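The file target35.pdb comes next; it holds PDB, C-alpha atoms.
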ATOM      1  CA  MET A   1      -5.648 -39.200  36.314
ATOM      2  CA  SER A   2      -8.441 -38.300  33.916
ATOM      3  CA  LYS A   3     -10.294 -35.022  34.218
ATOM      4  CA  THR A   4     -13.904 -35.041  35.373
ATOM      5  CA  ILE A   5     -16.766 -33.482  33.442
ATOM      6  CA  LEU A   6     -20.202 -32.852  34.960
ATOM      7  CA  VAL A   7     -22.896 -33.369  32.306
ATOM      8  CA  ILE A   8     -26.311 -31.857  33.106
ATOM      9  CA  ASP A   9     -29.306 -32.703  30.912
ATOM     10  CA  ASP A  10     -32.852 -33.857  31.685
ATOM     11  CA  SER A  11     -32.750 -36.310  28.766
ATOM     12  CA  GLY A  12     -31.172 -39.628  29.716
ATOM     13  CA  SER A  13     -30.499 -40.576  26.101
ATOM     14  CA  PHE A  14     -28.813 -37.262  25.470
ATOM     15  CA  ARG A  15     -26.599 -37.631  28.561
ATOM     16  CA  THR A  16     -25.587 -41.031  27.218
ATOM     17  CA  VAL A  17     -24.578 -39.540  23.832
ATOM     18  CA  VAL A  18     -22.411 -36.935  25.616
ATOM     19  CA  LYS A  19     -20.983 -39.536  27.996
ATOM     20  CA  LEU A  20     -20.028 -41.890  25.145
ATOM     21  CA  ALA A  21     -18.232 -39.063  23.338
ATOM     22  CA  LEU A  22     -16.349 -37.795  26.400
ATOM     23  CA  GLN A  23     -15.447 -41.187  27.835
ATOM     24  CA  LYS A  24     -14.005 -42.212  24.477
ATOM     25  CA  ALA A  25     -11.803 -39.104  24.661
ATOM     26  CA  GLY A  26     -10.542 -40.194  28.104
ATOM     27  CA  TYR A  27     -12.677 -38.090  30.424
ATOM     28  CA  THR A  28     -14.554 -39.250  33.521
ATOM     29  CA  VAL A  29     -18.229 -38.234  33.396
ATOM     30  CA  ILE A  30     -20.594 -37.451  36.265
ATOM     31  CA  GLU A  31     -24.277 -37.050  35.288
ATOM     32  CA  ALA A  32     -26.996 -34.801  36.692
ATOM     33  CA  VAL A  33     -30.652 -34.682  35.565
ATOM     34  CA  ASP A  34     -31.170 -30.923  36.095
ATOM     35  CA  GLY A  35     -29.611 -27.871  37.720
ATOM     36  CA  GLN A  36     -30.872 -28.764  41.177
ATOM     37  CA  ASP A  37     -29.419 -32.266  40.969
ATOM     38  CA  ALA A  38     -26.143 -30.777  39.682
ATOM     39  CA  VAL A  39     -25.825 -28.456  42.702
ATOM     40  CA  GLY A  40     -25.828 -31.564  44.899
ATOM     41  CA  LYS A  41     -23.228 -33.285  42.685
ATOM     42  CA  LEU A  42     -20.799 -30.360  43.073
ATOM     43  CA  THR A  43     -20.389 -30.910  46.795
ATOM     44  CA  GLY A  44     -17.187 -32.787  47.572
ATOM     45  CA  ALA A  45     -16.389 -33.490  43.932
ATOM     46  CA  LYS A  46     -13.470 -32.238  41.846
ATOM     47  CA  ILE A  47     -15.111 -31.102  38.600
ATOM     48  CA  ASN A  48     -12.840 -29.757  35.850
ATOM     49  CA  LEU A  49     -15.548 -28.643  33.406
ATOM     50  CA  ILE A  50     -19.330 -28.523  33.211
ATOM     51  CA  VAL A  51     -21.492 -29.284  30.147
ATOM     52  CA  CYS A  52     -24.991 -27.946  30.759
ATOM     53  CA  ASP A  53     -28.345 -27.943  28.937
ATOM     54  CA  VAL A  54     -30.499 -24.780  29.108
ATOM     55  CA  ASN A  55     -34.152 -25.898  29.230
ATOM     56  CA  MET A  56     -34.610 -28.244  32.195
ATOM     57  CA  PRO A  57     -37.184 -28.711  34.990
ATOM     58  CA  ASN A  58     -36.595 -27.692  38.641
ATOM     59  CA  MET A  59     -33.547 -25.526  37.890
ATOM     60  CA  ASP A  60     -32.764 -24.455  34.327
ATOM     61  CA  GLY A  61     -29.241 -24.235  32.946
ATOM     62  CA  LEU A  62     -28.848 -20.456  33.064
ATOM     63  CA  THR A  63     -29.982 -20.327  36.721
ATOM     64  CA  PHE A  64     -27.504 -23.109  37.522
ATOM     65  CA  LEU A  65     -24.742 -21.236  35.679
ATOM     66  CA  ARG A  66     -25.373 -18.062  37.706
ATOM     67  CA  HIS A  67     -25.354 -20.143  40.908
ATOM     68  CA  VAL A  68     -22.051 -21.824  40.004
ATOM     69  CA  LYS A  69     -20.400 -18.463  39.448
ATOM     70  CA  THR A  70     -21.168 -17.523  43.084
ATOM     71  CA  LEU A  71     -19.350 -20.587  44.458
ATOM     72  CA  PRO A  72     -15.685 -19.935  45.413
ATOM     73  CA  THR A  73     -14.664 -23.497  44.432
ATOM     74  CA  TYR A  74     -16.283 -23.435  41.023
ATOM     75  CA  LYS A  75     -16.477 -19.821  39.897
ATOM     76  CA  PHE A  76     -13.529 -20.346  37.516
ATOM     77  CA  THR A  77     -14.659 -23.782  36.274
ATOM     78  CA  PRO A  78     -15.453 -23.516  32.546
ATOM     79  CA  VAL A  79     -19.073 -24.121  31.594
ATOM     80  CA  ILE A  80     -20.204 -25.128  28.090
ATOM     81  CA  MET A  81     -23.895 -24.653  27.335
ATOM     82  CA  LEU A  82     -25.103 -27.520  25.098
ATOM     83  CA  THR A  83     -28.673 -26.894  23.983
ATOM     84  CA  THR A  84     -31.306 -26.901  21.246
ATOM     85  CA  GLU A  85     -31.772 -23.195  21.988
ATOM     86  CA  SER A  86     -30.239 -21.086  19.221
ATOM     87  CA  GLN A  87     -31.773 -17.674  19.958
ATOM     88  CA  GLU A  88     -29.211 -14.888  20.144
ATOM     89  CA  SER A  89     -30.898 -13.419  23.245
ATOM     90  CA  LYS A  90     -30.409 -16.697  25.131
ATOM     91  CA  LYS A  91     -26.782 -16.911  23.982
ATOM     92  CA  ALA A  92     -26.230 -13.367  25.238
ATOM     93  CA  GLU A  93     -27.688 -14.372  28.620
ATOM     94  CA  GLY A  94     -25.294 -17.312  28.755
ATOM     95  CA  ARG A  95     -22.298 -15.173  27.838
ATOM     96  CA  GLU A  96     -23.186 -12.545  30.454
ATOM     97  CA  ALA A  97     -23.677 -15.246  33.105
ATOM     98  CA  GLY A  98     -20.157 -16.546  32.466
ATOM     99  CA  ALA A  99     -20.470 -19.477  30.020
ATOM    100  CA  LYS A 100     -17.337 -20.152  27.974
ATOM    101  CA  ALA A 101     -19.021 -21.676  24.922
ATOM    102  CA  TRP A 102     -22.452 -22.297  23.399
ATOM    103  CA  ILE A 103     -22.952 -25.471  21.352
ATOM    104  CA  THR A 104     -26.232 -25.989  19.530
ATOM    105  CA  LYS A 105     -27.747 -29.492  19.343
ATOM    106  CA  PRO A 106     -27.523 -31.676  17.415
ATOM    107  CA  PHE A 107     -23.765 -31.545  17.873
ATOM    108  CA  GLN A 108     -20.953 -33.574  16.400
ATOM    109  CA  PRO A 109     -19.189 -35.510  19.187
ATOM    110  CA  SER A 110     -15.780 -34.473  17.818
ATOM    111  CA  GLN A 111     -16.818 -30.800  18.066
ATOM    112  CA  LEU A 112     -17.769 -31.236  21.715
ATOM    113  CA  VAL A 113     -14.530 -33.079  22.492
ATOM    114  CA  ASP A 114     -12.503 -30.334  20.739
ATOM    115  CA  ALA A 115     -14.272 -27.661  22.801
ATOM    116  CA  VAL A 116     -13.754 -29.601  26.046
ATOM    117  CA  ASN A 117     -10.054 -30.178  25.208
ATOM    118  CA  ARG A 118      -9.648 -26.480  24.525
ATOM    119  CA  LEU A 119     -11.318 -25.282  27.735
ATOM    120  CA  CYS A 120     -10.406 -28.072  30.146
ATOM    121  CA  VAL A 121      -6.802 -27.013  30.851
TER     122      VAL A 121
ATOM    123  CA  MET B 122     -90.540 -33.129  16.888
ATOM    124  CA  SER B 123     -92.154 -29.713  17.260
ATOM    125  CA  ARG B 124     -90.180 -26.480  17.530
ATOM    126  CA  ARG B 125     -91.447 -26.103  21.149
ATOM    127  CA  GLN B 126     -90.311 -29.624  22.102
ATOM    128  CA  GLN B 127     -86.852 -28.925  20.597
ATOM    129  CA  SER B 128     -86.417 -25.777  22.622
ATOM    130  CA  THR B 129     -87.132 -27.585  25.913
ATOM    131  CA  SER B 130     -84.780 -30.532  25.320
ATOM    132  CA  PRO B 131     -81.699 -30.703  27.639
ATOM    133  CA  ALA B 132     -79.316 -30.028  24.733
ATOM    134  CA  ALA B 133     -81.200 -26.943  23.633
ATOM    135  CA  SER B 134     -81.342 -25.516  27.169
ATOM    136  CA  ALA B 135     -77.592 -25.968  27.748
ATOM    137  CA  PRO B 136     -75.266 -22.960  27.319
ATOM    138  CA  PRO B 137     -74.294 -22.449  23.658
ATOM    139  CA  ASP B 138     -70.666 -23.445  24.255
ATOM    140  CA  ALA B 139     -71.489 -26.598  26.279
ATOM    141  CA  GLY B 140     -71.025 -28.819  23.228
ATOM    142  CA  ILE B 141     -67.577 -27.400  22.577
ATOM    143  CA  THR B 142     -66.598 -27.906  26.215
ATOM    144  CA  LEU B 143     -67.872 -31.491  26.150
ATOM    145  CA  MET B 144     -66.082 -32.342  22.905
ATOM    146  CA  THR B 145     -62.863 -30.737  24.123
ATOM    147  CA  ALA B 146     -62.960 -32.563  27.440
ATOM    148  CA  THR B 147     -63.629 -35.827  25.576
ATOM    149  CA  VAL B 148     -61.224 -35.663  22.632
ATOM    150  CA  LEU B 149     -58.197 -33.625  23.750
ATOM    151  CA  PRO B 150     -57.175 -35.985  26.593
ATOM    152  CA  ILE B 151     -57.042 -38.798  24.027
ATOM    153  CA  TRP B 152     -54.699 -36.777  21.801
ATOM    154  CA  SER B 153     -52.667 -35.893  24.858
ATOM    155  CA  ARG B 154     -52.207 -39.585  25.685
ATOM    156  CA  GLN B 155     -51.387 -40.329  22.035
ATOM    157  CA  LEU B 156     -48.634 -37.691  22.109
ATOM    158  CA  ARG B 157     -47.190 -39.297  25.265
ATOM    159  CA  ALA B 158     -47.320 -42.695  23.542
ATOM    160  CA  ILE B 159     -45.372 -41.309  20.558
ATOM    161  CA  GLN B 160     -42.804 -39.810  22.933
ATOM    162  CA  ASN B 161     -42.349 -43.115  24.734
ATOM    163  CA  THR B 162     -41.968 -44.960  21.431
ATOM    164  CA  VAL B 163     -39.319 -42.534  20.171
ATOM    165  CA  GLN B 164     -37.470 -42.621  23.505
ATOM    166  CA  GLY B 165     -37.566 -46.408  23.692
ATOM    167  CA  GLY B 166     -36.032 -46.664  20.213
ATOM    168  CA  ALA B 167     -33.317 -44.157  21.099
ATOM    169  CA  VAL B 168     -32.369 -46.044  24.262
ATOM    170  CA  ASP B 169     -32.057 -49.323  22.313
ATOM    171  CA  LEU B 170     -29.952 -47.665  19.612
ATOM    172  CA  LEU B 171     -27.699 -45.974  22.163
ATOM    173  CA  SER B 172     -27.073 -49.257  23.908
ATOM    174  CA  CYS B 173     -26.216 -50.784  20.522
ATOM    175  CA  PHE B 174     -23.787 -47.978  19.662
ATOM    176  CA  ALA B 175     -22.122 -48.171  23.054
ATOM    177  CA  GLY B 176     -21.416 -51.809  22.166
ATOM    178  CA  ILE B 177     -20.098 -50.927  18.698
ATOM    179  CA  MET B 178     -17.824 -48.221  20.150
ATOM    180  CA  GLY B 179     -16.511 -50.759  22.659
ATOM    181  CA  LEU B 180     -15.691 -53.113  19.774
ATOM    182  CA  GLN B 181     -13.877 -50.290  18.007
ATOM    183  CA  ASP B 182     -11.779 -49.648  21.140
ATOM    184  CA  LEU B 183     -10.947 -53.373  21.173
ATOM    185  CA  LEU B 184      -9.925 -53.214  17.511
ATOM    186  CA  ASP B 185      -7.700 -50.193  18.215
ATOM    187  CA  SER B 186      -5.966 -51.911  21.122
ATOM    188  CA  GLU B 187      -5.380 -55.033  18.975
ATOM    189  CA  LEU B 188      -3.932 -52.820  16.229
ATOM    190  CA  LYS B 189      -1.317 -51.454  18.641
ATOM    191  CA  ALA B 190       0.066 -54.966  19.042
ATOM    192  CA  MET B 191       0.306 -55.580  15.286
ATOM    193  CA  PRO B 192       3.275 -54.711  13.042
ATOM    194  CA  ALA B 193       2.670 -51.105  12.025
ATOM    195  CA  ASP B 194       3.843 -51.424   8.424
ATOM    196  CA  ALA B 195       2.028 -54.663   7.526
ATOM    197  CA  ALA B 196      -0.573 -54.395   4.754
ATOM    198  CA  HIS B 197      -3.335 -55.984   6.813
ATOM    199  CA  THR B 198      -2.561 -53.599   9.725
ATOM    200  CA  LEU B 199      -3.025 -50.590   7.439
ATOM    201  CA  ALA B 200      -6.265 -52.075   6.115
ATOM    202  CA  LEU B 201      -7.585 -52.579   9.648
ATOM    203  CA  GLN B 202      -6.538 -49.042  10.616
ATOM    204  CA  GLN B 203      -8.574 -47.709   7.697
ATOM    205  CA  LEU B 204     -11.481 -49.854   8.805
ATOM    206  CA  SER B 205     -11.199 -48.502  12.358
ATOM    207  CA  GLN B 206     -11.155 -44.905  11.100
ATOM    208  CA  GLU B 207     -14.234 -45.536   8.942
ATOM    209  CA  LEU B 208     -15.975 -47.162  11.913
ATOM    210  CA  ALA B 209     -15.197 -44.108  14.090
ATOM    211  CA  LEU B 210     -16.604 -41.807  11.395
ATOM    212  CA  GLN B 211     -19.815 -43.821  11.116
ATOM    213  CA  CYS B 212     -20.192 -43.920  14.924
ATOM    214  CA  GLU B 213     -19.826 -40.125  15.012
ATOM    215  CA  ARG B 214     -22.560 -39.778  12.358
ATOM    216  CA  ALA B 215     -24.790 -42.187  14.276
ATOM    217  CA  LEU B 216     -24.379 -40.202  17.507
ATOM    218  CA  VAL B 217     -25.440 -37.048  15.664
ATOM    219  CA  GLY B 218     -28.462 -38.845  14.163
ATOM    220  CA  LEU B 219     -29.521 -40.219  17.550
ATOM    221  CA  GLN B 220     -29.929 -36.688  18.887
ATOM    222  CA  PHE B 221     -32.842 -36.043  16.504
ATOM    223  CA  GLY B 222     -34.985 -38.488  18.476
ATOM    224  CA  ASP B 223     -34.294 -36.490  21.619
ATOM    225  CA  ARG B 224     -35.109 -33.278  19.787
ATOM    226  CA  ALA B 225     -38.418 -34.724  18.544
ATOM    227  CA  THR B 226     -39.262 -35.835  22.088
ATOM    228  CA  GLN B 227     -38.675 -32.307  23.409
ATOM    229  CA  MET B 228     -40.891 -30.837  20.671
ATOM    230  CA  LEU B 229     -43.658 -33.341  21.469
ATOM    231  CA  ASP B 230     -43.337 -32.531  25.161
ATOM    232  CA  ILE B 231     -44.000 -28.851  24.522
ATOM    233  CA  LEU B 232     -46.911 -29.675  22.184
ATOM    234  CA  HIS B 233     -48.369 -32.003  24.831
ATOM    235  CA  ASP B 234     -48.219 -29.318  27.534
ATOM    236  CA  ASP B 235     -49.720 -26.695  25.199
ATOM    237  CA  THR B 236     -52.544 -29.078  24.265
ATOM    238  CA  GLN B 237     -53.345 -29.627  27.945
ATOM    239  CA  ARG B 238     -53.235 -25.908  28.683
ATOM    240  CA  PHE B 239     -55.553 -25.203  25.736
ATOM    241  CA  SER B 240     -57.937 -27.926  26.874
ATOM    242  CA  GLN B 241     -58.122 -26.433  30.380
ATOM    243  CA  GLU B 242     -58.672 -22.863  29.198
ATOM    244  CA  LEU B 243     -61.074 -23.540  26.321
ATOM    245  CA  PRO B 244     -64.254 -23.381  28.463
ATOM    246  CA  ASN B 245     -63.358 -19.736  29.235
ATOM    247  CA  MET B 246     -62.781 -18.837  25.590
ATOM    248  CA  ALA B 247     -66.385 -18.581  24.386
ATOM    249  CA  HIS B 248     -66.042 -14.825  23.882
ATOM    250  CA  ALA B 249     -62.378 -14.703  22.895
ATOM    251  CA  ASP B 250     -61.423 -11.941  20.465
ATOM    252  CA  ALA B 251     -58.558 -11.529  17.996
ATOM    253  CA  ALA B 252     -56.304  -9.968  20.642
ATOM    254  CA  GLU B 253     -56.739 -12.977  22.937
ATOM    255  CA  ALA B 254     -56.078 -15.361  20.036
ATOM    256  CA  GLN B 255     -52.875 -13.462  19.249
ATOM    257  CA  ALA B 256     -51.873 -13.554  22.934
ATOM    258  CA  TRP B 257     -52.262 -17.340  22.809
ATOM    259  CA  LEU B 258     -50.116 -17.567  19.677
ATOM    260  CA  ASP B 259     -47.446 -15.387  21.312
ATOM    261  CA  ALA B 260     -47.472 -17.574  24.426
ATOM    262  CA  LEU B 261     -47.079 -20.688  22.269
ATOM    263  CA  GLU B 262     -44.129 -19.170  20.439
ATOM    264  CA  ALA B 263     -42.446 -18.114  23.689
ATOM    265  CA  ARG B 264     -42.249 -21.760  24.764
ATOM    266  CA  TYR B 265     -40.455 -22.992  21.627
ATOM    267  CA  THR B 266     -36.777 -23.814  21.934
ATOM    268  CA  THR B 267     -35.847 -24.655  18.345
ATOM    269  CA  ASP B 268     -36.121 -23.105  14.900
ATOM    270  CA  GLU B 269     -37.943 -26.281  13.775
ATOM    271  CA  GLN B 270     -40.804 -25.115  16.033
ATOM    272  CA  ARG B 271     -40.629 -21.376  15.346
ATOM    273  CA  ASP B 272     -40.584 -21.637  11.535
ATOM    274  CA  PRO B 273     -43.736 -23.777  11.065
ATOM    275  CA  HIS B 274     -45.527 -21.589  13.617
ATOM    276  CA  HIS B 275     -45.282 -18.839  10.983
ATOM    277  CA  GLY B 276     -46.073 -21.195   8.121
ATOM    278  CA  GLU B 277     -42.455 -21.294   6.977
ATOM    279  CA  SER B 278     -40.551 -24.428   6.081
ATOM    280  CA  THR B 279     -37.381 -25.055   7.991
ATOM    281  CA  GLY B 280     -34.157 -26.624   6.859
ATOM    282  CA  PRO B 281     -32.191 -29.200   8.821
ATOM    283  CA  PRO B 282     -30.682 -27.753  12.016
ATOM    284  CA  HIS B 283     -27.093 -26.639  11.568
ATOM    285  CA  ASN B 284     -24.797 -27.390  14.441
ATOM    286  CA  ASN B 285     -22.339 -24.802  15.593
ATOM    287  CA  VAL B 286     -19.902 -24.026  18.344
ATOM    288  CA  GLU B 287     -19.491 -20.475  19.601
ATOM    289  CA  PHE B 288     -16.783 -19.568  22.109
ATOM    290  CA  PHE B 289     -17.247 -16.532  24.356
TER     291      PHE B 289
END
Would you write the structure of this file as structure tokens?
Amino acid sequence: MSKTILVIDDSGSFRTVVKLALQKAGYTVIEAVDGQDAVGKLTGAKINLIVCDVNMPNMDGLTFLRHVKTLPTYKFTPVIMLTTESQESKKAEGREAGAKAWITKPFQPSQLVDAVNRLCV
Amino acid sequence: MSRRQQSTSPAASAPPDAGITLMTATVLPIWSRQLRAIQNTVQGGAVDLLSCFAGIMGLQDLLDSELKAMPADAAHTLALQQLSQELALQCERALVGLQFGDRATQMLDILHDDTQRFSQELPNMAHADAAEAQAWLDALEARYTTDEQRDPHHGESTGPPHNNVEFF
């Protein structure tokens, strides 16, 4: 059974790029449009890894990350931040909140798949 | 027209910044709509291209599954395997390139919001000083998310974004 990745990004075209890359590598992808939508998608689902944007409406990626780390079911689920944001201060926030990796857009699909393979054990 | 007549005309009796307010209220919404139109155009193109590449990647999967049924050491099998690898490489490059449209859309989105904010606040800026101008510039910079926005803000040219992966 393939592992399931939750992809959170407010850009539909960007979610499609990520989905194409991960599905080709054999993963099942669930999509969410922002952090708030993603919170709803967590309920009742078995998510093996989360790929999350930072700058999003309603609930941004770092707020979502901090929320996930309070949930008993998901506090050990690896989270990869995938974002245009390259500022060191933001990366430090992500690291302190419990992210496992920070990938700056534009990314190479093979790089994302390598990172997911490495963390999705 | 006499000097006295000029001074009693409606335009002359209006506050000194009324013209600026009028022009701002008239022109900036047009630019705002133009920015939205550019965003929609870029997004529409990206969606079409993504759909196209999803199809091409599906064809590549089909080619790979056909290759599994072919004799592994045959010359034409090796040639098709090379072709499949080259196709995968080009698809990877295309998926990287497609992200620039999304990046441009995000940059336009921020510019659009800043333009609207500026338009709304301009009527209160008649007596703005250098400190307030700098505060505006700082607020603009705080909303940027990419180096392609931060560098031109300071009049610097920026190179192509370099992708990277950092594990914590």
What are the closest atom pairs, with distances in Å to one decimal, for each residue of segment 169-248 of chain B lying within 12 Å of segment 157-161 of chain B, using all atoms listed in the file, rows by chain and rising residue number, as a tab-separated table?
residue	atom	partner	partner_atom	distance
B:Gly222	CA	B:Gln160	CA	9.1
B:Asp223	CA	B:Gln160	CA	9.2
B:Arg224	CA	B:Gln160	CA	10.6
B:Ala225	CA	B:Gln160	CA	8.0
B:Thr226	CA	B:Gln160	CA	5.4
B:Gln227	CA	B:Gln160	CA	8.6
B:Met228	CA	B:Gln160	CA	9.4
B:Leu229	CA	B:Gln160	CA	6.7
B:Asp230	CA	B:Gln160	CA	7.6
B:Ile231	CA	B:Arg157	CA	10.9
B:Leu232	CA	B:Arg157	CA	10.1
B:His233	CA	B:Arg157	CA	7.4
B:Asp234	CA	B:Arg157	CA	10.3
B:Thr236	CA	B:Arg157	CA	11.6
B:Gln237	CA	B:Arg157	CA	11.8
Local residues around (-61.1, -24.9, 24.6), at most 12 Å away, using only C-alpha atoms, as JSON, numbers by chain: {"B": [138, 139, 140, 141, 142, 143, 144, 145, 146, 147, 148, 149, 150, 235, 236, 237, 238, 239, 240, 241, 242, 243, 244, 245, 246, 247, 248, 249, 254, 257]}
Interatomic distance (Å, one decimal) between atom CA of Phe289 of chain B and atom CA of Glu262 of chain B: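 That distance, rounded to one decimal, is 27.3 Å.
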Best match for closeness to Gly98 of chain A among A:Leu82, A:Lys69, A:Ile5, A:Ser110, counting only C-alpha atoms: A:Lys69
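Nearest-residue note for Cys212 of chain B: choosing from A:Gln108, A:Ser13, A:Thr28, A:Gln23, the minimum distance belongs to A:Gln108, counting all atoms listed in the file.
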Hits of the ChimeraX specification (/B :<8) & /A in this structure, as a ChimeraX atom specification: /A:11,13-14,16-17,20,84-86,95,99-111
